[in-house]
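Inspection log for the structure reproduced underneath, given as structure tokens.
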2 protein chains.
Amino acid sequence: MPQTLSTTEPGFATAFEALLSAKREDAPDVDATVAAIIADVRVRGDAALIEMTARFDRLDLTPETLAFSAAEIAAEVAKVSSADRAALELAAERIRAYHVRQMPADAIWTDPDGATLGWRFTPVSAAGLYVPGGLASYPSSVLMNAIPARVAGVGRLVIACPTPGGVVNPLVLAAAQIAGVDTIYRIGGAQAIAALAYGTATVRPVDKITGPGNAYVAAAKRRVFGRVGIDMIAGPSEILVIADADNNPDWIALDLLSQAEHDESAQSILITDSADFGRAVVAAVEKRLETLERRAIAGASWRDYGAVIVVRDLDEAAELANRIAAEHLELCVADPEALADKIPHAGAIFLGAYTPEAIGDYVGGPNHVLPTARSARFSSGLSVLDFLKRTTLAKMTPAALAAIGPAAERLAISESLQAHGLSVRARLDALNGGDGA
Amino acid sequence: MPQTLSTTEPGFATAFEALLSAKREDAPDVDATVAAIIADVRVRGDAALIEMTARFDRLDLTPETLAFSAAEIAAEVAKVSSADRAALELAAERIRAYHVRQMPADAIWTDPDGATLGWRFTPVSAAGLYVPGGLASYPSSVLMNAIPARVAGVGRLVIACPTPGGVVNPLVLAAAQIAGVDTIYRIGGAQAIAALAYGTATVRPVDKITGPGNAYVAAAKRRVFGRVGIDMIAGPSEILVIADADNNPDWIALDLLSQAEHDESAQSILITDSADFGRAVVAAVEKRLETLERRAIAGASWRDYGAVIVVRDLDEAAELANRIAAEHLELCVADPEALADKIPHAGAIFLGAYTPEAIGDYVGGPNHVLPTARSARFSSGLSVLDFLKRTTLAKMTPAALAAIGPAAERLAISESLQAHGLSVRARLDALNGGDGA
């Protein structure tokens with residue numbers, strides 16, 4: 001049984017605060033280990049990679065086999081059923097169509113002073129996607145990371161994916177192929193992040209690294225940040241469902257469980273204006289849990305971090321939702337658009353009872369890499385912008401410089417930056433017929 | 001004398017690589033100290049802030065005087081000359097006009113399957129700007145950080161600025177007033193970052209922290225990243241000027257020096273297709289250095305990290321410029337637009353001889369907070385986007401769910417995420433006349 005709160009009960013504020021600040025992840029401090037791994041890869045390159053892959057993944061590689069060959073990829077991809085392949089292709093097409101619309105426009109204009117101003121977006125030259133091995137090796141995440149990169153126009157796109165014991169998920173390779181990934185390395189952990197950031201004789205360095213990973217991968221990404229760009233450091237996942245009594249309790253129960261089954265530290269919260277509906281959902285969760293394959297994981301998540309919050313009305317629900325700032329927000333109410341307008345803080349919003357969150361994980365189109373742990377207050381899901389950078393442009397005519405240059409000179413002097421001021425003054429003097437010196 | 005390289009000389013590749021990878025900043029490892037400061041502020045709040053401000057800034061504060069009062073601000077702002085104020089206002093107006101154009105559009109559309117998709121941008125609720133005290137207390141940086149936040153629609157905007165010995169730069173307060181900052185705290189260092197991220201009894205926490213700072217501030221920002229959003233961790237600044245022989249060597253010398261005077265670890269590089277012009281610029285720098293107030297700093301930067309690179313032609317210049325990925329790139333050539341098109345990797349580009357970089361520092365309009373240390377390969381200058389976040393939107397009709405739901409179910413099953421699949425299946429069964437369970 002998850003905890004049940006009601007906004008009308010005394011002590012609600014304290015209990016809600018505790019729910020918000022519950023530490024769901026006890027990440028081990030692996031920073032020193034990761035620092036040593038990165039240093040080793042920087043010094044010994046391929047040799048370090050090969051040695052660590054033998055140790056951690058029980059797999060013997062050579063510089064020639066660090067990456068999958070085309071024949072190896074083809075052999076694995078051939079194992080994928082045509083139905084699975086069709087599903088991946090449908091997902092890829094929808095994700096591509098959504099992300100194409102995100103492409104920002106360049107701009108250039110001339111202002112009243114005669115200054116030409118603007119900006120220009122260009123893609124990063126090379127990006128590396130980390131794909132976890134084993135259980136959490138999700139082909140859908142390959143699509144969600146690789147397609148925005150391709151849409152952005154990234155020149156070279158590579159994957160690092162550990163293959164413990166040499167086993168790889170054929171669907172991951174199929175997804176990489178569909179998304180247009182160039183190279184897939186059989187490496188993982190902090191050593192893979194180090195290789196992508198600094199390069200080795202075999203692995204060419206990239207400029208941006210994205211994708212989820214365990215504590216070692218997260219710590220390595222944090223360490224190489226600055227040398228390369230990274231996406232967010234993902235925490236445990238969460239869903240918030242706001243549902244009124246006019247819903248099927250079983251559907252809502254499954255939506256809550258679809259988050260809970262990810263991970264014991266995932267969090268599923270229901271906010272409802274009907275205590276009866278809340279009880280019906282709890283009962284439906286218990287019933288579904290009995291037959292769920294991942295019931296141990298989903299049950300632990302629901303028991304430890306799940307919550308049902310009964311509110312007086314939907315305005316109260318919106319207020320709480322903003323404080324939760326959920327990664328996934330499902331609005332199963334009569335007018336979901338009106339409610340969404342009141343909730344600025346959420347990673348992704350799923351509107352109405354026919355939009356289960358799982359649609360967004362696979363085929364909706366929007367990205368499923370989203371800000372967790374309340375970071376939707378200040379950050380956004382993965383997008384084409386993560387693979388682009390913007391260069392600002394400015395061009396002064398002599399007249400424009402004459403108009404605004406004196407103010408720049410004055411501010412430079414006030415900041416004691418004499419050469420800044422002189423660089424403007426020399427030009428202004430030349431325009432005024434002086435010698436510019 | 002800076003080093004002079006020529007692409008026609010043997011050993012150029014090695015020398016250029018060394019120039020690129022020269023470590024210009026030897027940041028002290030203050031991480032343990034910073035961790036202790038943050039922990040102290042989290043536990044003791046205002047008391048810790050007040051104690052550290054007394055110790056580091058020789059200033060005795062109370063909870064009531066942590067922030068400037070309106071009367072104190074008015075008294076300081078009254079000291080600003082009307083000419084300085086007019087220059088600040090001109091700068092603010094131009095920065096605002098530029099950043100208003102950056103506001104991204106929301107989008108919503110319905111696709112052929114009947115799915116409604118889109119996204120929505122909303123501002124962060126509260127942002128904190130760090131403004132260094134003492135020498136590097138730049139009013140222009142207040143404008144460059146605060147105005148994009150205001151344009152984005154940030155609800156509450158505060159500044160943390162240490163005032164060693166109680167001394168504050170009146171222009172900083174004037175800039176804050178012009179930009180519409182709500183509160184200015186007299187606190188600095190890692191303790192200020194901790195207070196902004198976690199809050200104290202007096203300092204309300206914010207969601208995003210931007211602005212430059214010393215090694216302690218940078219380490220603190222890195223540590224609170226995740227709890228709040230941060231902008232980039234800035235490194236030493238740099239300029240790359242590409243100039244042909246048809247330029248005034250003195251102007252180019254001053255542009256190089258305007259970077260060098262910032263900091264001994266700043267870097268100024270000239271690329272030219274004329275060895276004679278390169279020598280003329282070096283001579284002009286030496287001459288200007290003699291009379292520059294900050295000649296010790298500028299001279300050290302120019303001597304230790306400055307460089308003149310002579311190339312065969314401008315295509316070669318573009319190639320090198322992409323590898324340098326400069327924060328500031330000035331193109332003083334006959335067709336600067338054509339050259340800019342060949343250089344995707346740069347933070348800001350200044351086109352033509354009448355656009356000295358200093359214009360961009362103050363009044364051009366684009367932001368002067370830009371990616372340093374080659375990070376223009378993957379990141380961008382500060383913009384309104386730094387104060388916005390994007391929420392994705394998706395709404396399925398029953399028909400849309402019927403069309404794409406089966407593919408989602410199939411992928412969920414392939415990833416062994418049964419509840420994900422069931423959350424879709426239950427709805428599909430209901431649509432097909434089943435009982436939805």
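Chain labels A, B, ... are given in the sequence in which chains occur in the structure tokens; within each chain residues are numbered consecutively from 1, and ligands are likewise numbered from 1 in the order shown.
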
Counting only C-alpha atoms, give me one row per residue of chain B with an atom at most 6 Å from an atom of chain A, showing the shortest contact pair and its distance in Å to one decimal, sorted by chain then residue number, as a tab-separated table.
residue	atom	partner	partner_atom	distance
B:Ala87	CA	A:Ala407	CA	4.6
B:Val124	CA	A:Phe378	CA	5.6
B:Gly229	CA	A:Phe378	CA	5.8
B:Leu254	CA	A:Ser423	CA	5.0
B:Asp255	CA	A:Ser423	CA	5.8
B:Ser258	CA	A:His420	CA	4.7
B:Gly347	CA	A:Thr391	CA	5.1
B:Ala348	CA	A:Thr392	CA	4.6
B:Ile349	CA	A:Leu393	CA	5.0
B:Phe350	CA	A:Ala394	CA	5.2
B:Leu351	CA	A:Lys395	CA	4.8
B:Tyr354	CA	A:Met396	CA	5.6
B:Thr355	CA	A:Met396	CA	5.2
B:Ala358	CA	A:His420	CA	5.3
B:Tyr362	CA	A:Ala408	CA	5.5
B:Val363	CA	A:Ala408	CA	5.9
B:Phe378	CA	A:Val124	CA	5.6
B:Ser379	CA	A:Lys389	CA	5.2
B:Ser380	CA	A:Lys389	CA	5.2
B:Lys389	CA	A:Ser380	CA	5.2
B:Arg390	CA	A:Ser380	CA	5.1
B:Thr391	CA	A:Gly347	CA	5.1
B:Thr392	CA	A:Ala348	CA	4.6
B:Leu393	CA	A:Ile349	CA	5.0
B:Ala394	CA	A:Phe350	CA	5.2
B:Lys395	CA	A:Leu351	CA	4.8
B:Met396	CA	A:Thr355	CA	5.1
B:Ala407	CA	A:Ala87	CA	4.6
B:Ala408	CA	A:Tyr362	CA	5.5
B:Ala419	CA	A:Ser258	CA	4.7
B:His420	CA	A:Ser258	CA	4.7
B:Ser423	CA	A:Leu254	CA	5.0

Can you spit out the residues from that selection as an mmCIF file, in the first residue's frame, using N, CA and C atoms?
data_model
loop_
_atom_site.group_PDB
_atom_site.id
_atom_site.type_symbol
_atom_site.label_atom_id
_atom_site.label_comp_id
_atom_site.auth_asym_id
_atom_site.auth_seq_id
_atom_site.Cartn_x
_atom_site.Cartn_y
_atom_site.Cartn_z
ATOM 1 N N ALA B 87 24.573 55.443 -21.069
ATOM 2 C CA ALA B 87 25.264 54.355 -21.775
ATOM 3 C C ALA B 87 24.692 52.999 -21.359
ATOM 4 N N VAL B 124 11.500 29.703 -16.026
ATOM 5 C CA VAL B 124 11.755 29.236 -14.665
ATOM 6 C C VAL B 124 11.114 30.244 -13.702
ATOM 7 N N GLY B 229 19.330 24.512 -12.028
ATOM 8 C CA GLY B 229 20.027 24.606 -13.297
ATOM 9 C C GLY B 229 21.165 25.604 -13.188
ATOM 10 N N LEU B 254 44.600 46.489 -31.033
ATOM 11 C CA LEU B 254 43.740 46.848 -29.904
ATOM 12 C C LEU B 254 42.682 45.768 -29.652
ATOM 13 N N ASP B 255 42.188 45.153 -30.706
ATOM 14 C CA ASP B 255 41.202 44.082 -30.527
ATOM 15 C C ASP B 255 41.839 42.896 -29.795
ATOM 16 N N SER B 258 42.291 43.883 -26.218
ATOM 17 C CA SER B 258 41.060 44.002 -25.424
ATOM 18 C C SER B 258 40.698 42.643 -24.818
ATOM 19 N N GLY B 347 31.679 31.032 -30.787
ATOM 20 C CA GLY B 347 30.624 31.513 -29.902
ATOM 21 C C GLY B 347 29.907 32.727 -30.478
ATOM 22 N N ALA B 348 30.682 33.723 -30.894
ATOM 23 C CA ALA B 348 30.104 34.931 -31.476
ATOM 24 C C ALA B 348 31.025 35.371 -32.603
ATOM 25 N N ILE B 349 30.424 35.812 -33.696
ATOM 26 C CA ILE B 349 31.219 36.275 -34.834
ATOM 27 C C ILE B 349 30.985 37.770 -35.032
ATOM 28 N N PHE B 350 32.079 38.511 -35.213
ATOM 29 C CA PHE B 350 32.073 39.950 -35.443
ATOM 30 C C PHE B 350 32.547 40.177 -36.867
ATOM 31 N N LEU B 351 31.674 40.735 -37.681
ATOM 32 C CA LEU B 351 31.914 40.775 -39.123
ATOM 33 C C LEU B 351 32.436 42.141 -39.563
ATOM 34 N N TYR B 354 34.730 47.262 -38.864
ATOM 35 C CA TYR B 354 34.054 48.248 -38.001
ATOM 36 C C TYR B 354 33.270 47.589 -36.866
ATOM 37 N N THR B 355 33.557 46.306 -36.623
ATOM 38 C CA THR B 355 32.879 45.610 -35.535
ATOM 39 C C THR B 355 33.893 45.056 -34.545
ATOM 40 N N ALA B 358 34.766 44.599 -28.722
ATOM 41 C CA ALA B 358 34.268 45.354 -27.562
ATOM 42 C C ALA B 358 32.831 45.827 -27.756
ATOM 43 N N TYR B 362 29.378 45.157 -24.932
ATOM 44 C CA TYR B 362 28.548 46.177 -24.289
ATOM 45 C C TYR B 362 27.221 46.458 -24.983
ATOM 46 N N VAL B 363 27.278 46.848 -26.234
ATOM 47 C CA VAL B 363 26.106 47.479 -26.832
ATOM 48 C C VAL B 363 25.609 46.840 -28.130
ATOM 49 N N PHE B 378 30.265 22.637 -28.991
ATOM 50 C CA PHE B 378 29.031 21.962 -28.575
ATOM 51 C C PHE B 378 28.104 22.844 -27.749
ATOM 52 N N SER B 379 28.481 24.085 -27.443
ATOM 53 C CA SER B 379 27.559 24.883 -26.638
ATOM 54 C C SER B 379 27.455 26.305 -27.156
ATOM 55 N N SER B 380 26.522 27.054 -26.585
ATOM 56 C CA SER B 380 26.131 28.357 -27.102
ATOM 57 C C SER B 380 26.226 29.395 -26.003
ATOM 58 N N LYS B 389 12.040 26.551 -20.117
ATOM 59 C CA LYS B 389 12.103 25.107 -20.317
ATOM 60 C C LYS B 389 10.906 24.725 -21.159
ATOM 61 N N ARG B 390 11.051 23.594 -21.844
ATOM 62 C CA ARG B 390 10.062 23.168 -22.822
ATOM 63 C C ARG B 390 9.334 21.930 -22.295
ATOM 64 N N THR B 391 8.022 21.976 -22.320
ATOM 65 C CA THR B 391 7.217 20.819 -21.949
ATOM 66 C C THR B 391 6.613 20.250 -23.227
ATOM 67 N N THR B 392 6.780 18.956 -23.455
ATOM 68 C CA THR B 392 6.178 18.379 -24.654
ATOM 69 C C THR B 392 4.735 17.996 -24.359
ATOM 70 N N LEU B 393 3.908 18.035 -25.390
ATOM 71 C CA LEU B 393 2.476 17.773 -25.256
ATOM 72 C C LEU B 393 2.066 16.674 -26.231
ATOM 73 N N ALA B 394 1.223 15.778 -25.779
ATOM 74 C CA ALA B 394 0.697 14.736 -26.671
ATOM 75 C C ALA B 394 -0.718 14.387 -26.250
ATOM 76 N N LYS B 395 -1.600 14.256 -27.215
ATOM 77 C CA LYS B 395 -2.974 13.837 -26.933
ATOM 78 C C LYS B 395 -3.453 12.890 -28.033
ATOM 79 N N MET B 396 -3.830 11.689 -27.615
ATOM 80 C CA MET B 396 -4.326 10.718 -28.573
ATOM 81 C C MET B 396 -5.854 10.736 -28.581
ATOM 82 N N ALA B 407 1.883 -0.728 -32.087
ATOM 83 C CA ALA B 407 3.348 -0.671 -32.206
ATOM 84 C C ALA B 407 3.983 -0.388 -30.839
ATOM 85 N N ALA B 408 3.328 0.485 -30.056
ATOM 86 C CA ALA B 408 3.860 0.759 -28.712
ATOM 87 C C ALA B 408 3.811 -0.512 -27.859
ATOM 88 N N ALA B 419 3.788 -3.856 -18.030
ATOM 89 C CA ALA B 419 2.741 -2.902 -17.646
ATOM 90 C C ALA B 419 2.611 -1.792 -18.690
ATOM 91 N N HIS B 420 3.752 -1.408 -19.299
ATOM 92 C CA HIS B 420 3.684 -0.437 -20.392
ATOM 93 C C HIS B 420 2.741 -0.964 -21.482
ATOM 94 N N SER B 423 -0.938 -1.091 -20.389
ATOM 95 C CA SER B 423 -1.625 0.204 -20.274
ATOM 96 C C SER B 423 -2.178 0.624 -21.637
#

(request) Using backbone DSSP assignments, extract all strand (DSSP E or B) residues from segment 75-176 of chain B; output them as an MDAnalysis selection string. (result) chainID B and resid 107:110 116:123 126:130 156:160

Pull C-alpha atoms from the residues just selected and write them as a CSV table (one decimal), in the first residue's frame.
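Written out: part-v4.csv:
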chain,number,residue,atom,x,y,z
B,107,ALA,CA,3.6,24.7,-31.3
B,108,ILE,CA,0.6,22.4,-31.5
B,109,TRP,CA,-0.5,20.4,-34.5
B,110,THR,CA,-2.6,17.4,-35.3
B,116,THR,CA,-2.3,16.2,-31.3
B,117,LEU,CA,1.3,17.0,-30.6
B,118,GLY,CA,3.3,20.0,-29.7
B,119,TRP,CA,5.3,21.8,-27.0
B,120,ARG,CA,5.1,24.8,-24.8
B,121,PHE,CA,7.8,27.0,-23.4
B,122,THR,CA,7.5,28.4,-19.9
B,123,PRO,CA,10.0,30.4,-17.8
B,126,ALA,CA,13.1,32.2,-10.0
B,127,ALA,CA,16.7,32.9,-11.2
B,128,GLY,CA,19.8,34.0,-9.3
B,129,LEU,CA,22.6,35.9,-11.0
B,130,TYR,CA,26.1,35.8,-9.5
B,156,ARG,CA,11.7,36.4,-9.4
B,157,LEU,CA,15.2,37.6,-10.3
B,158,VAL,CA,17.8,38.1,-7.6
B,159,ILE,CA,21.5,38.9,-7.6
B,160,ALA,CA,24.2,37.7,-5.2

(request) Could you check how far atom CA of Leu5 of chain A sits from atom CA of Ile309 of chain A, in Å to one decimal? (result)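 If I compute the distance from atom CA of Leu5 of chain A to atom CA of Ile309 of chain A, I get 4.7 Å.
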
(request) For atom CA of Val203 of chain A and atom CA of Ile184 of chain A, determine how far apart the two atoms are, in Å to one decimal place. (result)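 Distance between the two atoms: 10.3 Å.
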
(message) Taking only segment 196-396 of chain B into account, list the residues labelled helix (DSSP H, G or I) by DSSP (computed from the backbone), as a ChimeraX atom specification.
(response) /B:196-198,215-224,249-260,275-291,295-305,314-324,336-341,357-362,375-377,384-387

(request) Quick one: pull the distance between atom CA of Asp263 of chain B and atom CA of Arg55 of chain B, Å, one decimal. (result) 26.3 Å

Per residue of segment 130-246 of chain B within 8 Å of segment 61-69 of chain B, what are the shortest atom pair and its distance in Å to one decimal, counting only C-alpha atoms, with rows by chain and residue number, as a tab-separated table?
residue	atom	partner	partner_atom	distance
B:Thr183	CA	B:Ala67	CA	6.7
B:Ile184	CA	B:Ala67	CA	5.4
B:Tyr185	CA	B:Ala67	CA	4.1
B:Arg186	CA	B:Leu66	CA	5.6
B:Ile187	CA	B:Leu66	CA	7.2
B:Thr202	CA	B:Pro63	CA	6.3

(message) For a quick check of understanding, using only C-alpha atoms, which of B:Arg223, B:Ala152, B:Pro164, B:Leu19 has the smallest distance to Ala32 of chain B?
(response) B:Arg223

(request) Between B:Val224, B:Ala179, B:Ala283, B:Ile242, single out the one closest to Asp335 of chain B, counting only C-alpha atoms. (result)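 For Asp335 of chain B, the nearest of the given residues is B:Ile242.
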
(message) For a quick check of understanding, using only C-alpha atoms, which of B:Thr291, B:Ile178, B:Thr4, B:Pro112 has the smallest distance to Thr272 of chain B?
(response)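 Comparing B:Thr291, B:Ile178, B:Thr4, B:Pro112 against Thr272 of chain B, the winner is B:Thr4.
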
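Nearest residue to Val100 of chain A among A:Val151, A:Val30, A:Ala174, A:Ile37 is A:Val151, counting only C-alpha atoms.
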
(request) Could you give me, as an MDAnalysis selection string, the residues within 10 Å of Lys23 of chain A, counting only C-alpha atoms and dropping anything in the same chain fewer than 5 positions from it? (result) chainID A and resid 18 265 305 373

Got time to write the residues from that selection, C-alpha atoms, as an mmCIF file, in the first residue's frame?
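The resulting file, again-v8.cif, is reproduced below:
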data_model
loop_
_atom_site.group_PDB
_atom_site.id
_atom_site.type_symbol
_atom_site.label_atom_id
_atom_site.label_comp_id
_atom_site.auth_asym_id
_atom_site.auth_seq_id
_atom_site.Cartn_x
_atom_site.Cartn_y
_atom_site.Cartn_z
ATOM 1 C CA ALA A 18 8.536 14.795 2.968
ATOM 2 C CA SER A 265 13.297 3.804 -7.008
ATOM 3 C CA TYR A 305 7.498 5.757 -3.115
ATOM 4 C CA ALA A 373 13.754 14.565 -9.848
#

(request) Would you mind listing what lies within 12 Å of Gln191 of chain B as a ChimeraX atom specification, with only C-alpha atoms counted and same-chain residues fewer than 5 positions away left out? (result) /B:33-53,55-57,130,160-162,185-186,196-200,203,216-221,224
